[in-house]
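For reference, target_23.txt is printed below; it contains compact mmCIF, C-alpha atoms.
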# COMPACT_ATOMS: atom_id res chain seq x y z
CA MET P 1 -47.47 6.69 -132.94
CA SER P 2 -47.22 8.90 -129.86
CA THR P 3 -44.43 8.32 -127.35
CA HIS P 4 -45.33 6.59 -124.11
CA PRO P 5 -45.10 9.08 -121.20
CA PHE P 6 -42.45 6.90 -119.55
CA ASP P 7 -40.22 6.92 -122.62
CA ASP P 8 -40.73 10.66 -122.94
CA ALA P 9 -39.51 11.09 -119.35
CA LEU P 10 -36.38 9.05 -120.14
CA GLU P 11 -35.46 10.89 -123.33
CA LEU P 12 -31.80 11.92 -123.33
CA GLU P 13 -29.71 14.01 -125.69
CA GLN P 14 -26.25 12.54 -126.24
CA LEU P 15 -23.60 15.24 -125.88
CA GLY P 16 -20.54 13.02 -126.35
CA ASP P 17 -17.84 11.82 -123.94
CA GLY P 18 -20.42 10.01 -121.81
CA ARG P 19 -22.46 13.18 -121.23
CA PHE P 20 -26.24 13.32 -121.60
CA ARG P 21 -28.84 16.06 -121.24
CA GLY P 22 -32.36 15.29 -119.97
CA ARG P 23 -35.22 17.13 -118.32
CA THR P 24 -37.90 16.40 -115.79
CA THR P 25 -41.48 15.87 -117.00
CA ALA P 26 -44.62 16.84 -115.11
CA PRO P 27 -46.36 13.42 -115.36
CA TYR P 28 -43.61 11.91 -113.18
CA ASN P 29 -43.43 14.62 -110.53
CA ASN P 30 -43.49 13.53 -106.91
CA MET P 31 -44.49 15.64 -103.91
CA VAL P 32 -40.97 17.14 -104.02
CA GLY P 33 -39.07 16.82 -107.29
CA PRO P 34 -39.40 13.93 -109.73
CA PHE P 35 -40.29 10.35 -108.79
CA GLY P 36 -37.10 8.61 -107.67
CA GLY P 37 -37.88 5.51 -109.71
CA VAL P 38 -37.81 7.52 -112.92
CA THR P 39 -34.54 9.19 -111.91
CA ALA P 40 -33.02 5.75 -111.36
CA ALA P 41 -34.42 4.51 -114.68
CA THR P 42 -32.95 7.53 -116.48
CA LEU P 43 -29.49 6.62 -115.18
CA VAL P 44 -29.91 3.09 -116.52
CA ARG P 45 -31.03 4.53 -119.85
CA ALA P 46 -27.85 6.66 -120.00
CA ILE P 47 -25.72 3.52 -119.75
CA GLU P 48 -27.89 1.73 -122.31
CA LEU P 49 -27.20 4.59 -124.75
CA HIS P 50 -23.46 4.73 -124.01
CA PRO P 51 -21.31 3.35 -126.86
CA ASP P 52 -19.10 1.45 -124.38
CA ARG P 53 -21.99 -0.45 -122.79
CA LEU P 54 -21.55 -4.19 -122.24
CA GLY P 55 -24.62 -6.34 -121.60
CA ASP P 56 -27.58 -5.52 -119.38
CA PRO P 57 -28.07 -4.36 -115.77
CA VAL P 58 -26.96 -6.66 -112.97
CA SER P 59 -27.08 -4.14 -110.12
CA LEU P 60 -27.63 -0.44 -109.53
CA THR P 61 -27.12 1.77 -106.48
CA VAL P 62 -28.51 5.30 -106.59
CA ASN P 63 -27.69 7.86 -103.89
CA PHE P 64 -30.12 10.78 -103.85
CA ALA P 65 -27.74 13.45 -102.58
CA GLY P 66 -30.18 16.33 -102.93
CA PRO P 67 -33.45 17.33 -104.59
CA VAL P 68 -33.74 17.37 -108.36
CA ALA P 69 -35.41 20.60 -109.45
CA GLU P 70 -37.87 20.78 -112.30
CA GLY P 71 -36.12 21.46 -115.59
CA PRO P 72 -33.01 20.23 -117.40
CA PHE P 73 -30.27 18.09 -115.88
CA ASP P 74 -26.98 16.60 -117.04
CA ILE P 75 -25.72 13.04 -116.59
CA GLN P 76 -22.09 12.00 -116.77
CA ALA P 77 -21.63 8.24 -117.21
CA ARG P 78 -18.22 6.57 -117.09
CA ALA P 79 -17.22 2.93 -117.33
CA VAL P 80 -14.54 2.62 -114.64
CA ARG P 81 -13.63 -0.98 -115.48
CA THR P 82 -14.65 -3.54 -118.08
CA ASN P 83 -14.00 -7.23 -117.49
CA ARG P 84 -14.80 -10.18 -119.74
CA SER P 85 -18.37 -10.60 -118.51
CA ASN P 86 -19.16 -7.52 -116.40
CA GLN P 87 -18.67 -3.79 -116.48
CA HIS P 88 -18.60 -1.25 -113.64
CA TRP P 89 -20.02 2.26 -114.00
CA TYR P 90 -20.04 5.54 -112.12
CA LEU P 91 -22.66 8.22 -112.85
CA GLU P 92 -23.48 11.73 -111.67
CA LEU P 93 -26.66 13.70 -112.28
CA SER P 94 -26.19 17.44 -111.85
CA GLN P 95 -28.03 20.72 -112.34
CA ASP P 96 -26.25 24.04 -112.77
CA GLY P 97 -22.99 22.41 -111.72
CA THR P 98 -24.38 20.98 -108.46
CA VAL P 99 -24.52 17.21 -108.05
CA ALA P 100 -28.01 16.01 -107.10
CA THR P 101 -27.62 12.25 -107.56
CA THR P 102 -24.74 9.78 -107.81
CA ALA P 103 -24.89 6.14 -108.82
CA THR P 104 -22.83 3.05 -109.41
CA ALA P 105 -23.94 0.23 -111.67
CA VAL P 106 -22.82 -3.16 -112.84
CA PHE P 107 -23.78 -4.32 -116.32
CA GLY P 108 -22.91 -7.74 -117.62
CA THR P 109 -23.54 -10.65 -119.93
CA ARG P 110 -25.25 -13.78 -118.65
CA ARG P 111 -24.34 -17.39 -119.30
CA GLU P 112 -26.04 -20.75 -118.92
CA THR P 113 -25.47 -22.03 -115.37
CA TRP P 114 -27.10 -24.11 -112.64
CA ASP P 115 -30.20 -22.26 -111.43
CA ASP P 116 -32.23 -22.39 -108.24
CA ILE P 117 -34.46 -20.08 -106.20
CA GLU P 118 -34.98 -20.15 -102.44
CA SER P 119 -37.61 -17.43 -102.24
CA SER P 120 -41.26 -17.64 -103.27
CA PRO P 121 -43.85 -15.04 -104.29
CA PRO P 122 -46.73 -14.04 -102.02
CA ALA P 123 -49.91 -16.05 -102.49
CA VAL P 124 -52.39 -13.57 -103.99
CA PRO P 125 -55.39 -13.64 -106.33
CA ALA P 126 -54.87 -12.96 -110.03
CA PRO P 127 -54.71 -9.26 -110.97
CA GLU P 128 -58.17 -9.25 -112.55
CA GLU P 129 -59.58 -10.46 -109.21
CA VAL P 130 -58.11 -7.51 -107.26
CA GLU P 131 -59.76 -4.10 -107.34
CA ARG P 132 -57.77 -1.30 -108.91
CA ALA P 133 -56.78 1.36 -106.35
CA GLY P 134 -53.86 3.75 -106.55
CA LEU P 135 -52.51 6.78 -104.75
CA PRO P 136 -54.14 10.26 -104.49
CA ASP P 137 -54.33 12.32 -107.66
CA PHE P 138 -51.89 14.95 -106.38
CA ILE P 139 -49.10 12.35 -106.55
CA ALA P 140 -48.60 12.75 -110.29
CA TRP P 141 -46.23 9.87 -110.99
CA ALA P 142 -48.60 7.31 -109.46
CA GLN P 143 -51.24 8.09 -112.09
CA ASN P 144 -48.93 6.44 -114.65
CA TYR P 145 -49.29 3.04 -112.99
CA GLU P 146 -52.15 0.60 -112.70
CA MET P 147 -52.04 -0.55 -109.07
CA ARG P 148 -54.07 -3.37 -107.53
CA PHE P 149 -53.30 -3.63 -103.81
CA GLN P 150 -53.69 -6.97 -102.09
CA ALA P 151 -52.18 -5.52 -98.88
CA GLY P 152 -50.96 -2.10 -97.79
CA ALA P 153 -53.27 0.24 -99.68
CA LEU P 154 -52.79 3.79 -98.39
CA ASP P 155 -55.39 4.84 -95.79
CA GLU P 156 -55.58 6.85 -92.56
CA SER P 157 -56.05 3.99 -90.12
CA GLY P 158 -52.41 2.99 -89.65
CA SER P 159 -51.15 -0.57 -89.68
CA ALA P 160 -49.47 -3.06 -87.36
CA ASP P 161 -46.99 -3.98 -90.09
CA SER P 162 -45.39 -2.37 -93.14
CA VAL P 163 -46.07 -5.09 -95.73
CA ALA P 164 -47.41 -3.82 -99.06
CA THR P 165 -48.25 -6.23 -101.88
CA LEU P 166 -49.74 -5.18 -105.20
CA TRP P 167 -50.04 -6.01 -108.85
CA VAL P 168 -48.64 -3.18 -110.94
CA ARG P 169 -47.95 -2.26 -114.55
CA ASP P 170 -47.50 0.89 -116.60
CA SER P 171 -50.65 2.82 -117.51
CA PRO P 172 -51.17 2.79 -120.42
CA PRO P 173 -49.61 -0.69 -120.63
CA ARG P 174 -46.05 -0.82 -121.92
CA PRO P 175 -43.80 -3.85 -122.52
CA LEU P 176 -41.57 -4.45 -119.51
CA ASP P 177 -37.86 -3.75 -119.96
CA HIS P 178 -34.99 -2.98 -117.60
CA VAL P 179 -35.73 0.73 -117.30
CA ALA P 180 -39.40 0.06 -116.47
CA LEU P 181 -38.38 -2.63 -113.99
CA THR P 182 -35.97 -0.15 -112.39
CA SER P 183 -38.73 2.39 -111.88
CA MET P 184 -41.19 -0.18 -110.50
CA THR P 185 -38.71 -1.19 -107.82
CA ASP P 186 -39.41 2.21 -106.22
CA ILE P 187 -43.19 1.95 -106.66
CA PHE P 188 -43.96 1.75 -102.92
CA TYR P 189 -44.96 4.85 -100.99
CA PRO P 190 -42.88 5.31 -97.77
CA ARG P 191 -43.51 2.46 -95.32
CA VAL P 192 -43.81 4.96 -92.46
CA PHE P 193 -46.99 6.32 -94.06
CA GLN P 194 -48.53 2.87 -93.80
CA ARG P 195 -47.50 2.31 -90.19
CA ARG P 196 -48.62 5.74 -88.99
CA GLY P 197 -51.62 6.18 -91.27
CA GLN P 198 -50.56 9.69 -92.23
CA TYR P 199 -48.23 11.61 -94.51
CA LEU P 200 -44.88 12.54 -92.96
CA PRO P 201 -41.79 14.19 -94.44
CA ALA P 202 -39.85 11.26 -95.92
CA GLY P 203 -37.58 10.49 -98.84
CA THR P 204 -35.28 7.78 -100.16
CA ILE P 205 -31.59 8.42 -99.57
CA SER P 206 -30.14 5.33 -101.22
CA LEU P 207 -31.68 2.65 -103.44
CA THR P 208 -30.02 -0.58 -104.58
CA ILE P 209 -31.53 -2.88 -107.18
CA HIS P 210 -30.40 -6.40 -108.07
CA TYR P 211 -31.66 -7.60 -111.44
CA PHE P 212 -32.34 -11.27 -112.18
CA ALA P 213 -34.47 -10.95 -115.33
CA THR P 214 -32.64 -11.03 -118.64
CA ALA P 215 -33.74 -9.06 -121.68
CA GLU P 216 -35.24 -12.30 -123.02
CA ASP P 217 -37.17 -12.84 -119.77
CA LEU P 218 -38.61 -9.33 -119.98
CA ALA P 219 -39.52 -9.70 -123.66
CA ALA P 220 -41.48 -12.84 -122.76
CA HIS P 221 -43.18 -10.98 -119.90
CA GLY P 222 -44.58 -8.36 -122.27
CA GLU P 223 -47.24 -6.05 -120.80
CA ASP P 224 -48.32 -8.42 -118.01
CA HIS P 225 -48.64 -7.24 -114.43
CA VAL P 226 -45.72 -7.42 -112.00
CA LEU P 227 -46.32 -8.66 -108.45
CA ALA P 228 -44.52 -6.24 -106.12
CA THR P 229 -44.11 -6.68 -102.38
CA ALA P 230 -42.12 -4.70 -99.80
CA HIS P 231 -41.64 -4.33 -96.06
CA ALA P 232 -39.47 -2.50 -93.54
CA ARG P 233 -37.50 -4.07 -90.70
CA ARG P 234 -36.98 -1.13 -88.36
CA PHE P 235 -37.91 2.53 -87.98
CA HIS P 236 -35.32 4.22 -85.77
CA ARG P 237 -34.09 7.74 -85.11
CA GLY P 238 -35.20 9.20 -88.42
CA TYR P 239 -34.33 6.34 -90.77
CA PHE P 240 -35.95 3.11 -91.90
CA ASP P 241 -35.08 0.41 -94.39
CA GLN P 242 -37.17 -1.23 -97.10
CA SER P 243 -36.74 -4.55 -98.89
CA ALA P 244 -38.76 -5.30 -102.02
CA GLU P 245 -39.26 -8.15 -104.45
CA LEU P 246 -40.75 -7.97 -107.95
CA TRP P 247 -42.20 -11.15 -109.44
CA SER P 248 -43.69 -12.18 -112.75
CA ALA P 249 -47.18 -13.64 -112.84
CA GLY P 250 -45.53 -16.98 -113.57
CA GLY P 251 -43.55 -16.91 -110.31
CA ASP P 252 -40.15 -15.78 -111.59
CA LEU P 253 -38.21 -13.33 -109.41
CA LEU P 254 -37.41 -10.39 -111.68
CA ALA P 255 -35.56 -8.05 -109.29
CA THR P 256 -35.07 -7.11 -105.66
CA GLY P 257 -34.78 -3.62 -104.21
CA HIS P 258 -33.24 -2.38 -100.98
CA GLN P 259 -33.32 1.19 -99.72
CA VAL P 260 -32.79 3.44 -96.73
CA VAL P 261 -35.27 6.27 -96.19
CA TYR P 262 -35.20 9.29 -93.91
CA TYR P 263 -38.35 10.46 -92.13
CA LYS P 264 -39.51 13.01 -89.58
CA GLY P 265 -42.23 12.73 -86.98

Would you write the structure of this file as C-alpha cells?
Amino acid sequence: MSTHPFDDALELEQLGDGRFRGRTTAPYNNMVGPFGGVTAATLVRAIELHPDRLGDPVSLTVNFAGPVAEGPFDIQARAVRTNRSNQHWYLELSQDGTVATTATAVFGTRRETWDDIESSPPAVPAPEEVERAGLPDFIAWAQNYEMRFQAGALDESGSADSVATLWVRDSPPRPLDHVALTSMTDIFYPRVFQRRGQYLPAGTISLTIHYFATAEDLAAHGEDHVLATAHARRFHRGYFDQSAELWSAGGDLLATGHQVVYYKG
C-alpha cells in the first residue's frame, strides 16, 4: 500500500541521542515555506518516536522563529523532566545550524477522573449537507484537506467578524491521530484575510495546542470529519490572536488551539 501524503511528510530518520532528520514535501508547501500545521505535527512525531516518550500529547507550544526552507531539516528532542504522570519536552528544528523553530511539549498518561465540559460545539448541518469548498489551488497544503465551510469561506468581500467554522478531514481520508489533530488545529487561513477580504503578508509566530482526546478517543473517531471553528479577538499594530476549537461529530471537544499572528497592511 502507498504511504498517505501526510505520513510521508512526517517521515523522520532517527539519528540517535534524540536527533531526527526530516525534509519538507511539496504537497504541504504554504505560500512561504511548509504549512505550519505539518511542522507542528512533525515535532509531535519526533517525541512519539523518542525511546524516552511517556504517554500522549497534553499540550504543545511551537514558536516559529524563522522560515523553514525547502529541503532537509534536523530536530533535536529532549525530555527535560519526567514525573509520574507527565513529561516535559524541549525541541529545536534547525537547518544548516540555524534554528528555525522551537517548541515545548507536555506528554502524559491519563486516568479516570470526574469529567465535565462547559463549552459546546457550533450548531451546524451535517458534513454531507455542506458544500465542499477549499482554498485556491496555489495553496498546496490545503489540497490535502476536504473542507466544508459553514462560515468564513475565503472570498474578496470582507467580513464584519473573523469567525470561521468548517467540517474538515484529510484528503484522501486518514484515521485521526494526535499528529493529524495537531495539523488540523492550524487549518484556518489568517483571520485578517477574512476581515479585509484580501491576501496580506501574515504568518503565525506562536501556536499552542491543548489536547483533550485520548488515543482511544481518536481511534473511535476514525476517518470522520472534525468540526473546526476559530475567531480572533483583536487586530492591533501588526499582530492578532486566534482561538480555535476542534470537535468530533458526536460533540466531544478534541483540542483547542491558540496563536498569535503577525500581519502587515

List the neighbours of P:Pro125 out to 12 Å using only C-alpha atoms; skip same-chain residues closer than 6 positions along the sequence, and give me the result as a ChimeraX atom specification.
/P:131,148-151,165-167,227,249

List the neighbours of stretch 85-102 of chain P out to 7 Å using only C-alpha atoms; skip same-chain residues closer than 5 positions along the sequence, and give me the result as a PDB file with C-alpha atoms, in the frame of the given file.
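result.pdb was written with the following content:
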ATOM      1  CA  LEU P  54     -21.550  -4.190-122.240  1.00  0.00           C
ATOM      2  CA  VAL P  62     -28.510   5.300-106.590  1.00  0.00           C
ATOM      3  CA  ASN P  63     -27.690   7.860-103.890  1.00  0.00           C
ATOM      4  CA  PHE P  64     -30.120  10.780-103.850  1.00  0.00           C
ATOM      5  CA  ALA P  65     -27.740  13.450-102.580  1.00  0.00           C
ATOM      6  CA  GLY P  66     -30.180  16.330-102.930  1.00  0.00           C
ATOM      7  CA  PRO P  67     -33.450  17.330-104.590  1.00  0.00           C
ATOM      8  CA  VAL P  68     -33.740  17.370-108.360  1.00  0.00           C
ATOM      9  CA  PHE P  73     -30.270  18.090-115.880  1.00  0.00           C
ATOM     10  CA  ASP P  74     -26.980  16.600-117.040  1.00  0.00           C
ATOM     11  CA  ILE P  75     -25.720  13.040-116.590  1.00  0.00           C
ATOM     12  CA  GLN P  76     -22.090  12.000-116.770  1.00  0.00           C
ATOM     13  CA  ALA P  77     -21.630   8.240-117.210  1.00  0.00           C
ATOM     14  CA  ARG P  78     -18.220   6.570-117.090  1.00  0.00           C
ATOM     15  CA  ALA P  79     -17.220   2.930-117.330  1.00  0.00           C
ATOM     16  CA  VAL P  80     -14.540   2.620-114.640  1.00  0.00           C
ATOM     17  CA  PHE P 107     -23.780  -4.320-116.320  1.00  0.00           C
ATOM     18  CA  GLY P 108     -22.910  -7.740-117.620  1.00  0.00           C
ATOM     19  CA  THR P 109     -23.540 -10.650-119.930  1.00  0.00           C
TER      20      THR P 109
END

Best match for closeness to P:Ala46 among P:Val58, P:Leu12, P:Leu181, P:Ala213, counting all atoms listed in the file
P:Leu12

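The two atoms in question, atom CA of P:Gly238 and atom CA of P:Val163, are spaced 19.4 Å apart.
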
When you draw a straight line from atom CA of P:Ile205 to atom CA of P:Ile139, how long is it in Å?
19.3 Å

Spatial neighbours of P:Met31, 8 Å, only C-alpha atoms, chain gap at least 2 places, as a list in words:
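Returned residues: Asn29, Gly33, Pro34, Phe138 and Ile139 of chain P.
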
Pick from P:Gln259, P:Glu245, P:Ala215, P:Asp177 nearest to P:Pro190, counting all atoms listed in the file
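Once distances to P:Pro190 are computed over all atoms listed in the file, the minimum belongs to P:Gln259.
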
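Between P:Asp7 and the residues P:Leu49, P:Arg174, P:Pro72, P:Arg84, the shortest atom-to-atom distance, using all atoms listed in the file, involves P:Arg174.
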
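Across P:Thr256, P:Thr24, P:Thr3, P:Thr82, the tightest approach to P:Thr182 is made by P:Thr256 when counting all atoms listed in the file.
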
Residue nearest P:His178 among P:Gly71, P:Gly222, P:Gly18, P:Pro51 (counting all atoms listed in the file)
P:Gly222

Name the closest residue to P:Pro122 among the candidates P:Ala228, P:Met184, P:Leu135, P:Ala255; distances are taken between atoms, counting all atoms listed in the file.
P:Ala228
